[in-house]
>>> print(open('coords-v7.cif').read())   # mmCIF, C-alpha atoms
data_model
#
loop_
_atom_site.label_atom_id
_atom_site.label_comp_id
_atom_site.auth_asym_id
_atom_site.auth_seq_id
_atom_site.Cartn_x
_atom_site.Cartn_y
_atom_site.Cartn_z
CA MET A 930 -73.40 -124.27 97.14
CA THR A 931 -72.18 -126.98 94.79
CA GLN A 932 -68.79 -128.61 95.13
CA ALA A 933 -67.56 -126.56 92.16
CA ASP A 934 -68.72 -123.34 93.86
CA VAL A 935 -66.94 -124.30 97.09
CA THR A 936 -63.74 -125.12 95.21
CA GLN A 937 -63.85 -121.82 93.31
CA MET A 938 -64.50 -119.93 96.53
CA LEU A 939 -61.57 -121.55 98.32
CA VAL A 940 -59.27 -120.80 95.40
CA ARG A 941 -60.31 -117.13 95.58
CA LYS A 942 -59.75 -117.02 99.33
CA LEU A 943 -56.29 -118.57 99.05
CA VAL A 944 -55.26 -116.13 96.34
CA ALA A 945 -56.59 -113.24 98.44
CA ALA A 946 -54.64 -114.58 101.43
CA TYR A 947 -51.47 -114.74 99.29
CA PHE A 948 -51.67 -111.07 98.24
CA THR A 949 -52.82 -109.94 101.70
CA SER A 950 -49.84 -111.68 103.35
CA TRP A 951 -47.45 -109.92 101.02
CA ALA A 952 -49.14 -106.55 101.50
CA ILE A 953 -49.11 -106.80 105.31
CA SER A 954 -45.47 -107.96 105.40
CA LEU A 955 -44.32 -105.10 103.15
CA TRP A 956 -46.46 -102.58 105.00
CA LEU A 957 -45.28 -103.49 108.51
CA SER A 958 -41.64 -103.53 107.43
CA PHE A 959 -41.86 -100.03 105.93
CA PRO A 960 -41.47 -98.06 109.22
CA ASN A 961 -38.11 -99.74 109.77
CA ILE A 962 -36.86 -98.27 106.49
CA VAL A 963 -38.04 -94.78 107.43
CA PHE A 964 -36.77 -94.68 111.01
CA ARG A 965 -33.51 -96.60 110.67
CA GLY A 966 -32.39 -94.91 107.46
CA ALA A 967 -28.68 -95.39 106.77
CA ASN A 968 -28.41 -97.86 109.67
CA TRP A 969 -30.48 -100.31 107.63
CA ASN A 970 -29.26 -102.74 104.99
CA ALA A 971 -30.86 -105.18 102.57
CA ALA A 972 -30.16 -108.21 104.76
CA ASP A 973 -31.83 -106.55 107.77
CA TYR A 974 -34.83 -105.61 105.67
CA LEU A 975 -35.28 -109.08 104.18
CA LEU A 976 -35.00 -110.58 107.67
CA SER A 977 -37.67 -108.23 109.01
CA VAL A 978 -40.06 -109.13 106.17
CA GLN A 979 -39.39 -112.82 106.81
CA VAL A 980 -40.12 -112.50 110.54
CA ILE A 981 -43.35 -110.56 109.92
CA ALA A 982 -44.49 -113.05 107.28
CA LEU A 983 -43.69 -115.93 109.64
CA TYR A 984 -46.35 -114.68 112.06
CA ALA A 985 -48.80 -112.95 109.71
CA SER A 986 -49.12 -115.50 106.91
CA PRO A 987 -50.39 -118.48 109.00
CA VAL A 988 -53.03 -116.25 110.63
CA ILE A 989 -54.21 -114.88 107.27
CA PHE A 990 -54.21 -118.26 105.52
CA ILE A 991 -55.93 -120.15 108.36
CA TYR A 992 -58.05 -117.69 110.34
CA GLY A 993 -58.70 -115.29 107.44
CA VAL A 994 -59.64 -117.92 104.87
CA LEU A 995 -61.81 -119.82 107.37
CA VAL A 996 -63.75 -116.76 108.58
CA SER A 997 -64.19 -115.33 105.09
CA SER A 998 -65.39 -118.67 103.72
CA ILE A 999 -67.94 -119.08 106.54
CA LEU A 1000 -69.27 -115.54 106.02
CA GLU A 1001 -69.65 -116.08 102.28
CA ALA A 1002 -71.31 -119.45 102.79
CA ILE A 1003 -73.83 -117.88 105.20
CA ALA A 1004 -74.55 -115.05 102.74
CA VAL A 1005 -75.19 -117.58 99.95
CA SER A 1006 -77.45 -119.73 102.14
CA LEU A 1007 -79.47 -116.65 103.18
CA LYS A 1008 -79.54 -115.48 99.55
CA VAL A 1009 -78.30 -112.02 100.53
CA LYS A 1010 -77.16 -110.07 97.49
CA GLY A 1011 -76.45 -106.55 96.28
CA LEU A 1012 -74.86 -103.56 97.98
CA VAL A 1013 -76.26 -104.43 101.39
CA ALA A 1014 -74.58 -107.84 101.24
CA VAL A 1015 -71.25 -106.26 100.32
CA LEU A 1016 -71.42 -103.70 103.13
CA VAL A 1017 -72.48 -106.22 105.77
CA SER A 1018 -69.86 -108.75 104.66
CA GLY A 1019 -67.13 -106.09 104.67
CA LEU A 1020 -68.14 -104.92 108.14
CA LEU A 1021 -68.14 -108.48 109.48
CA HIS A 1022 -64.70 -109.16 107.94
CA VAL A 1023 -63.26 -106.09 109.68
CA THR A 1024 -64.99 -106.99 112.95
CA PHE A 1025 -63.57 -110.50 112.99
CA GLY A 1026 -60.15 -109.10 112.08
CA HIS A 1027 -60.30 -106.77 115.08
CA CYS A 1028 -61.50 -109.61 117.30
CA PHE A 1029 -58.38 -111.67 116.60
CA GLY A 1030 -56.18 -108.96 118.13
CA LEU A 1031 -58.55 -108.59 121.08
CA LEU A 1032 -58.40 -112.33 121.76
CA ILE A 1033 -54.66 -112.03 122.47
CA HIS A 1034 -55.10 -108.69 124.28
CA SER A 1035 -53.15 -106.63 121.75
CA PRO A 1036 -54.70 -103.33 120.54
CA GLN A 1037 -51.92 -102.97 117.98
CA LEU A 1038 -52.61 -106.41 116.48
CA SER A 1039 -56.32 -105.64 116.61
CA LEU A 1040 -55.75 -102.61 114.37
CA ILE A 1041 -53.49 -104.61 112.05
CA GLY A 1042 -56.08 -107.40 111.96
CA GLY A 1043 -58.81 -104.95 110.96
CA VAL A 1044 -56.70 -103.52 108.15
CA ALA A 1045 -55.66 -106.99 106.96
CA SER A 1046 -59.26 -108.25 106.95
CA PHE A 1047 -60.49 -105.22 105.01
CA LEU A 1048 -57.68 -105.69 102.51
CA PHE A 1049 -58.48 -109.40 102.27
CA PHE A 1050 -62.16 -108.66 101.62
CA SER A 1051 -61.36 -105.98 99.01
CA LEU A 1052 -58.93 -108.23 97.18
CA ASP A 1053 -61.37 -111.12 97.20
CA LEU A 1054 -64.20 -108.91 95.98
CA LEU A 1055 -62.38 -107.08 93.21
CA ILE A 1056 -58.85 -108.02 92.22
CA VAL A 1057 -58.80 -111.80 92.70
CA ARG A 1058 -61.86 -112.36 90.54
CA TYR A 1059 -60.15 -110.30 87.85
CA ILE A 1060 -56.81 -112.10 88.16
CA LEU A 1061 -58.37 -115.56 87.96
CA SER A 1062 -60.04 -114.59 84.69
CA LEU A 1063 -56.73 -113.68 83.04
CA ARG A 1064 -54.59 -115.88 80.86
CA LEU A 1065 -52.04 -118.03 82.64
CA LYS A 1066 -48.97 -115.96 81.70
CA THR A 1067 -50.60 -112.66 82.68
CA GLY A 1068 -51.88 -114.17 85.93
CA LEU A 1069 -48.39 -115.40 86.82
CA ILE A 1070 -47.06 -111.88 86.33
CA PHE A 1071 -49.57 -110.61 88.89
CA PHE A 1072 -48.50 -113.34 91.32
CA ALA A 1073 -44.85 -112.35 90.85
CA LEU A 1074 -45.44 -108.62 91.44
CA PRO A 1075 -45.08 -108.83 95.27
CA ILE A 1076 -41.77 -110.68 94.87
CA PHE A 1077 -40.52 -108.08 92.39
CA SER A 1078 -41.58 -105.34 94.82
CA LEU A 1079 -39.64 -106.96 97.65
CA LEU A 1080 -36.52 -107.32 95.50
CA LEU A 1081 -36.85 -103.72 94.26
CA ILE A 1082 -37.07 -102.37 97.83
CA ALA A 1083 -34.18 -104.55 99.02
CA GLY A 1084 -32.08 -103.53 96.01
CA THR A 1085 -32.78 -99.85 96.63
CA ILE A 1086 -31.82 -100.18 100.31
CA ASN A 1087 -28.65 -102.00 99.32
CA ALA A 1088 -27.77 -99.26 96.79
CA ILE A 1089 -28.19 -96.36 99.21
CA SER A 1090 -26.78 -98.03 102.33
CA PRO A 1091 -23.15 -97.27 103.19
CA PRO A 1092 -20.78 -100.23 102.84
CA SER A 1093 -20.21 -102.24 105.97
CA PRO A 1094 -16.83 -101.63 107.61
CA PRO A 1095 -14.36 -104.46 107.10
CA MET A 1096 -14.10 -107.01 109.89
CA PRO A 1097 -10.94 -106.72 111.99
CA PRO A 1098 -8.49 -109.61 111.64
CA PHE A 1099 -9.10 -112.62 113.87
CA THR A 1100 -6.03 -112.92 116.08
CA ALA A 1101 -4.51 -115.59 118.28
CA ASP A 1102 -5.63 -113.64 121.34
CA ASP A 1103 -9.19 -113.62 119.99
CA ALA A 1104 -9.06 -117.39 119.48
CA LEU A 1105 -7.70 -117.95 123.00
CA HIS A 1106 -10.35 -115.71 124.57
CA PHE A 1107 -13.14 -117.46 122.66
CA ALA A 1108 -11.87 -120.92 123.60
CA THR A 1109 -11.57 -120.14 127.31
CA ALA A 1110 -14.71 -118.01 127.68
CA GLY A 1111 -17.05 -120.88 128.52
CA LYS A 1112 -17.95 -122.01 132.00
CA GLY A 1113 -18.47 -125.45 133.49
CA THR A 1114 -16.23 -127.35 131.06
CA SER A 1115 -12.96 -129.26 131.36
CA ILE A 1116 -11.18 -126.24 129.86
CA ASP A 1117 -11.89 -124.17 132.98
CA VAL A 1118 -8.92 -125.63 134.87
CA PHE A 1119 -6.39 -124.46 132.26
CA PRO A 1120 -4.73 -121.03 132.16
CA LYS A 1121 -6.76 -118.31 130.44
CA GLU A 1122 -3.57 -116.97 128.88
CA GLU A 1123 -0.75 -118.74 127.09
CA GLY A 1124 1.58 -120.33 129.62
CA LYS A 1125 1.84 -122.98 132.32
CA VAL A 1126 0.65 -123.43 135.89
CA LYS A 1127 1.86 -126.03 138.39
CA LEU A 1128 -0.11 -127.55 141.25
CA LYS A 1129 -0.40 -130.68 143.36
CA ILE A 1130 -3.46 -132.93 143.69
CA GLU A 1131 -3.46 -136.19 145.70
CA ASN A 1132 0.36 -136.37 145.65
CA TYR A 1133 0.39 -135.89 141.88
CA TYR A 1134 2.62 -133.11 140.58
CA ILE A 1135 0.64 -131.49 137.78
CA GLU A 1136 1.49 -129.05 135.01
CA ARG A 1137 -1.27 -127.48 132.93
CA GLU A 1138 -0.39 -125.58 129.77
CA THR A 1139 -2.36 -123.47 127.32
CA LYS A 1140 -0.86 -122.76 123.91
CA VAL A 1141 -2.08 -121.25 120.63
CA GLU A 1142 -0.79 -122.45 117.26
CA LYS A 1143 -1.51 -120.96 113.84
CA SER A 1144 -3.54 -123.26 111.62
CA SER A 1145 -2.99 -123.76 107.91
CA ARG A 1146 -6.41 -122.21 107.31
CA LYS A 1147 -6.84 -118.44 107.22
CA ASP A 1148 -8.01 -116.80 110.47
CA THR A 1149 -8.02 -120.19 112.20
CA TYR A 1150 -5.99 -121.29 115.22
CA ASN A 1151 -5.40 -124.46 117.17
CA VAL A 1152 -5.76 -123.88 120.90
CA VAL A 1153 -3.90 -126.68 122.71
CA PHE A 1154 -4.62 -127.62 126.31
CA THR A 1155 -2.07 -130.02 127.80
CA GLU A 1156 -2.05 -131.59 131.24
CA ARG A 1157 1.02 -133.52 132.46
CA TRP A 1158 1.24 -135.40 135.74
CA ARG A 1159 3.87 -137.25 137.74
CA LYS A 1160 3.80 -139.33 140.90
CA GLY A 1161 6.97 -141.27 141.64
CA GLU A 1162 7.64 -143.36 138.55
CA GLU A 1163 4.08 -142.90 137.30
CA ASN A 1164 3.60 -140.13 134.72
CA GLY A 1165 1.31 -139.27 131.85
CA GLN A 1166 -0.07 -136.60 129.59
CA TYR A 1167 -3.52 -135.64 128.43
CA GLN A 1168 -4.14 -133.18 125.61
CA MET A 1169 -7.09 -131.48 123.92
CA VAL A 1170 -6.72 -129.55 120.67
CA TYR A 1171 -9.50 -127.21 119.55
CA GLU A 1172 -9.70 -125.61 116.12
CA VAL A 1173 -11.00 -122.08 116.64
CA SER A 1174 -12.18 -119.59 114.03
CA ARG A 1175 -14.37 -116.52 114.31
CA GLY A 1176 -17.51 -117.58 116.15
CA SER A 1177 -16.87 -121.33 116.13
CA MET A 1178 -14.80 -123.91 117.97
CA GLU A 1179 -14.44 -127.62 117.23
CA LEU A 1180 -12.58 -130.36 119.07
CA LYS A 1181 -9.92 -131.50 116.63
CA ARG A 1182 -8.07 -134.05 118.73
CA SER A 1183 -7.91 -135.44 122.26
CA THR A 1184 -5.52 -137.99 123.73
CA ARG A 1185 -5.95 -140.66 126.35
CA PRO A 1186 -5.78 -141.52 129.16
CA LYS A 1187 -7.35 -138.82 131.28
CA PRO A 1188 -5.59 -138.00 134.54
CA PRO A 1189 -6.16 -140.70 137.23
CA TYR A 1190 -7.03 -138.13 139.90
CA LEU A 1191 -10.06 -136.72 138.06
#
>>> encode(input="coords-v7.cif", output="structure tokens")
Amino acid sequence: MTQADVTQMLVRKLVAAYFTSWAISLWLSFPNIVFRGANWNAADYLLSVQVIALYASPVIFIYGVLVSSILEAIAVSLKVKGLVAVLVSGLLHVTFGHCFGLLIHSPQLSLIGGVASFLFFSLDLLIVRYILSLRLKTGLIFFALPIFSLLLIAGTINAISPPSPPMPPFTADDALHFATAGKGTSIDVFPKEEGKVKLKIENYYIERETKVEKSSRKDTYNVVFTERWRKGEENGQYQMVYEVSRGSMELKRSTRPKPPYL
């Protein structure tokens, strides 16, 4: 094979891998649409396609292209042509596709690998050669068809899915619970509810207070943890202020010094 032949072959294999990756991703995501029905939405579907493609595409582009290229190179070197060459090459493609699943001890992936390799071989043999002979604009339309298919399916799911129920308001109690839910932090020693507790450590009289204040931002609260101490004429205060919204918490301000008994 000349360098031009090798380059043309690799281009065909990469194009076949592109369409095979799309086909496998759309195919494996289809059962989720059927079985989940109304409990499915466009975001869930797009995420499932993305996860499948994340695993399938590297295998198809690396393992599939490599194996297919080696098989074609061997066929060319042996000068095998005609129907026999097509049948043998197709059988070997499917065999190697099955073998990939067997290597990782997964019968399910072995079946998927066989289907993907047969699809890869069919695309390379028939469709890709046809696509590469088309004009640039027409060829680009073919390349865009899988993307249009994905958007059409996602749009259909979005149209038939019931609207998501509105999120309940984020309250001060929610902010306090979120801020105090962690373990193993300096917040653990403060009350889990709004209020004060008093205790004595190493002759220090200590008051710890938890308080929630409404922030200027919507559905956002400042959870204030204050520790005051006194020992004779010595006294001080340490404070931490966390800005809490739904699902996030950020230290907004802390004062010094920390208590001397810590």
>>> atom_distance(input="coords-v7.cif", atom1="CA of Pro1188 (chain A)", atom2="CA of Asp1117 (chain A)")
15.3 Å
>>> resolve_selection(input="coords-v7.cif", expression="the PyMOL selection byres ((chain A and resi 995-1003) around 9)", output="PDB file with C-alpha atoms, keeping the file's coordinate frame")
ATOM      1  CA  MET A 930     -73.400-124.270  97.140  1.00  0.00           C
ATOM      2  CA  VAL A 935     -66.940-124.300  97.090  1.00  0.00           C
ATOM      3  CA  MET A 938     -64.500-119.930  96.530  1.00  0.00           C
ATOM      4  CA  LEU A 939     -61.570-121.550  98.320  1.00  0.00           C
ATOM      5  CA  LYS A 942     -59.750-117.020  99.330  1.00  0.00           C
ATOM      6  CA  PHE A 990     -54.210-118.260 105.520  1.00  0.00           C
ATOM      7  CA  ILE A 991     -55.930-120.150 108.360  1.00  0.00           C
ATOM      8  CA  TYR A 992     -58.050-117.690 110.340  1.00  0.00           C
ATOM      9  CA  GLY A 993     -58.700-115.290 107.440  1.00  0.00           C
ATOM     10  CA  VAL A 994     -59.640-117.920 104.870  1.00  0.00           C
ATOM     11  CA  ALA A1004     -74.550-115.050 102.740  1.00  0.00           C
ATOM     12  CA  VAL A1005     -75.190-117.580  99.950  1.00  0.00           C
ATOM     13  CA  SER A1006     -77.450-119.730 102.140  1.00  0.00           C
ATOM     14  CA  LEU A1007     -79.470-116.650 103.180  1.00  0.00           C
ATOM     15  CA  LYS A1008     -79.540-115.480  99.550  1.00  0.00           C
ATOM     16  CA  VAL A1009     -78.300-112.020 100.530  1.00  0.00           C
ATOM     17  CA  SER A1018     -69.860-108.750 104.660  1.00  0.00           C
ATOM     18  CA  LEU A1021     -68.140-108.480 109.480  1.00  0.00           C
ATOM     19  CA  HIS A1022     -64.700-109.160 107.940  1.00  0.00           C
ATOM     20  CA  PHE A1025     -63.570-110.500 112.990  1.00  0.00           C
ATOM     21  CA  SER A1046     -59.260-108.250 106.950  1.00  0.00           C
ATOM     22  CA  PHE A1049     -58.480-109.400 102.270  1.00  0.00           C
ATOM     23  CA  PHE A1050     -62.160-108.660 101.620  1.00  0.00           C
TER      24      PHE A1050
END
>>> atom_distance(input="coords-v7.cif", atom1="CA of Val944 (chain A)", atom2="CA of Pro1036 (chain A)")
27.4 Å
>>> closest_residue(input="coords-v7.cif", among="A:Phe1119, A:Val1126, A:Met1178, A:Phe1077", to="Phe1154 (chain A)", atoms="all atoms listed in the file")
A:Phe1119
>>> resolve_selection(input="coords-v7.cif", expression="the PyMOL selection byres ((chain A and resi 1167) around 10)", output="short mmCIF file (atom, residue, chain, number, x, y, z; two decimals) with C-alpha atoms, in the coordinates of the input")
data_model
loop_
_atom_site.label_atom_id
_atom_site.label_comp_id
_atom_site.auth_asym_id
_atom_site.auth_seq_id
_atom_site.Cartn_x
_atom_site.Cartn_y
_atom_site.Cartn_z
CA ARG A 1137 -1.27 -127.48 132.93
CA PHE A 1154 -4.62 -127.62 126.31
CA THR A 1155 -2.07 -130.02 127.80
CA GLU A 1156 -2.05 -131.59 131.24
CA ARG A 1157 1.02 -133.52 132.46
CA TRP A 1158 1.24 -135.40 135.74
CA GLY A 1165 1.31 -139.27 131.85
CA GLN A 1166 -0.07 -136.60 129.59
CA GLN A 1168 -4.14 -133.18 125.61
CA MET A 1169 -7.09 -131.48 123.92
CA SER A 1183 -7.91 -135.44 122.26
CA THR A 1184 -5.52 -137.99 123.73
CA ARG A 1185 -5.95 -140.66 126.35
CA PRO A 1186 -5.78 -141.52 129.16
CA LYS A 1187 -7.35 -138.82 131.28
CA PRO A 1188 -5.59 -138.00 134.54
#
>>> resolve_selection(input="coords-v7.cif", expression="the PyMOL selection byres ((chain A and resi 1133) around 9)", output="list of chain:residue names")
A:Leu1128, A:Lys1129, A:Ile1130, A:Glu1131, A:Asn1132, A:Tyr1134, A:Ile1135, A:Trp1158, A:Arg1159, A:Lys1160, A:Gly1161, A:Asn1164, A:Tyr1190
>>> residues_around(input="coords-v7.cif", residues="Gly1043 (chain A)", least_positions_apart="3", cutoff="6 Å", atoms="only C-alpha atoms", output="list in words")
Val1023, Gly1026, His1027, Leu1040 and Ser1046 of chain A
>>> write_last_selection(input="coords-v7.cif", atoms="C-alpha atoms", output="PDB file, keeping the file's coordinate frame")
ATOM      1  CA  VAL A1023     -63.260-106.090 109.680  1.00  0.00           C
ATOM      2  CA  GLY A1026     -60.150-109.100 112.080  1.00  0.00           C
ATOM      3  CA  HIS A1027     -60.300-106.770 115.080  1.00  0.00           C
ATOM      4  CA  LEU A1040     -55.750-102.610 114.370  1.00  0.00           C
ATOM      5  CA  SER A1046     -59.260-108.250 106.950  1.00  0.00           C
TER       6      SER A1046
END
>>> atom_distance(input="coords-v7.cif", atom1="CA of Val1153 (chain A)", atom2="CA of Ser1174 (chain A)")
13.9 Å
>>> closest_residue(input="coords-v7.cif", among="A:Asn1087, A:Ile1116, A:Glu1138, A:Ser1078", to="Leu1180 (chain A)", atoms="all atoms listed in the file")
A:Ile1116
>>> closest_residue(input="coords-v7.cif", among="A:Glu1122, A:Asp934, A:Glu1172, A:Asp973", to="Asp1148 (chain A)", atoms="only C-alpha atoms")
A:Glu1172
>>> closest_residue(input="coords-v7.cif", among="A:Leu1069, A:Ile953, A:Ala945, A:Ala971", to="Leu1081 (chain A)", atoms="only C-alpha atoms")
A:Ala971
>>> closest_residue(input="coords-v7.cif", among="A:Gln932, A:Thr1149, A:Thr949, A:Ser954", to="Phe1072 (chain A)", atoms="all atoms listed in the file")
A:Thr949
>>> axis_aligned_box(input="coords-v7.cif", around="region 1044-1061 of chain A", padding_each_side="5 Å", output="AutoDock Vina command-line options")
--center_x -59.9 --center_y -109.5 --center_z 98.0 --size_x 18.5 --size_y 22.0 --size_z 30.3
>>> residues_around(input="coords-v7.cif", residues="region 975-982 of chain A", least_positions_apart="5", cutoff="9 Å", atoms="only C-alpha atoms", output="MDAnalysis selection string")
chainID A and resid 950:951 953:955 957:958 961 970 987 1079:1080 1083
>>> closest_residue(input="coords-v7.cif", among="A:Val988, A:Leu1031, A:Ile1056, A:Ile1082", to="Gly1068 (chain A)", atoms="all atoms listed in the file")
A:Ile1056
>>> residues_around(input="coords-v7.cif", residues="Glu1142 (chain A)", least_positions_apart="3", cutoff="9 Å", atoms="only C-alpha atoms", output="list in words")
Ala1101, Tyr1150, Asn1151, Val1152 and Val1153 of chain A
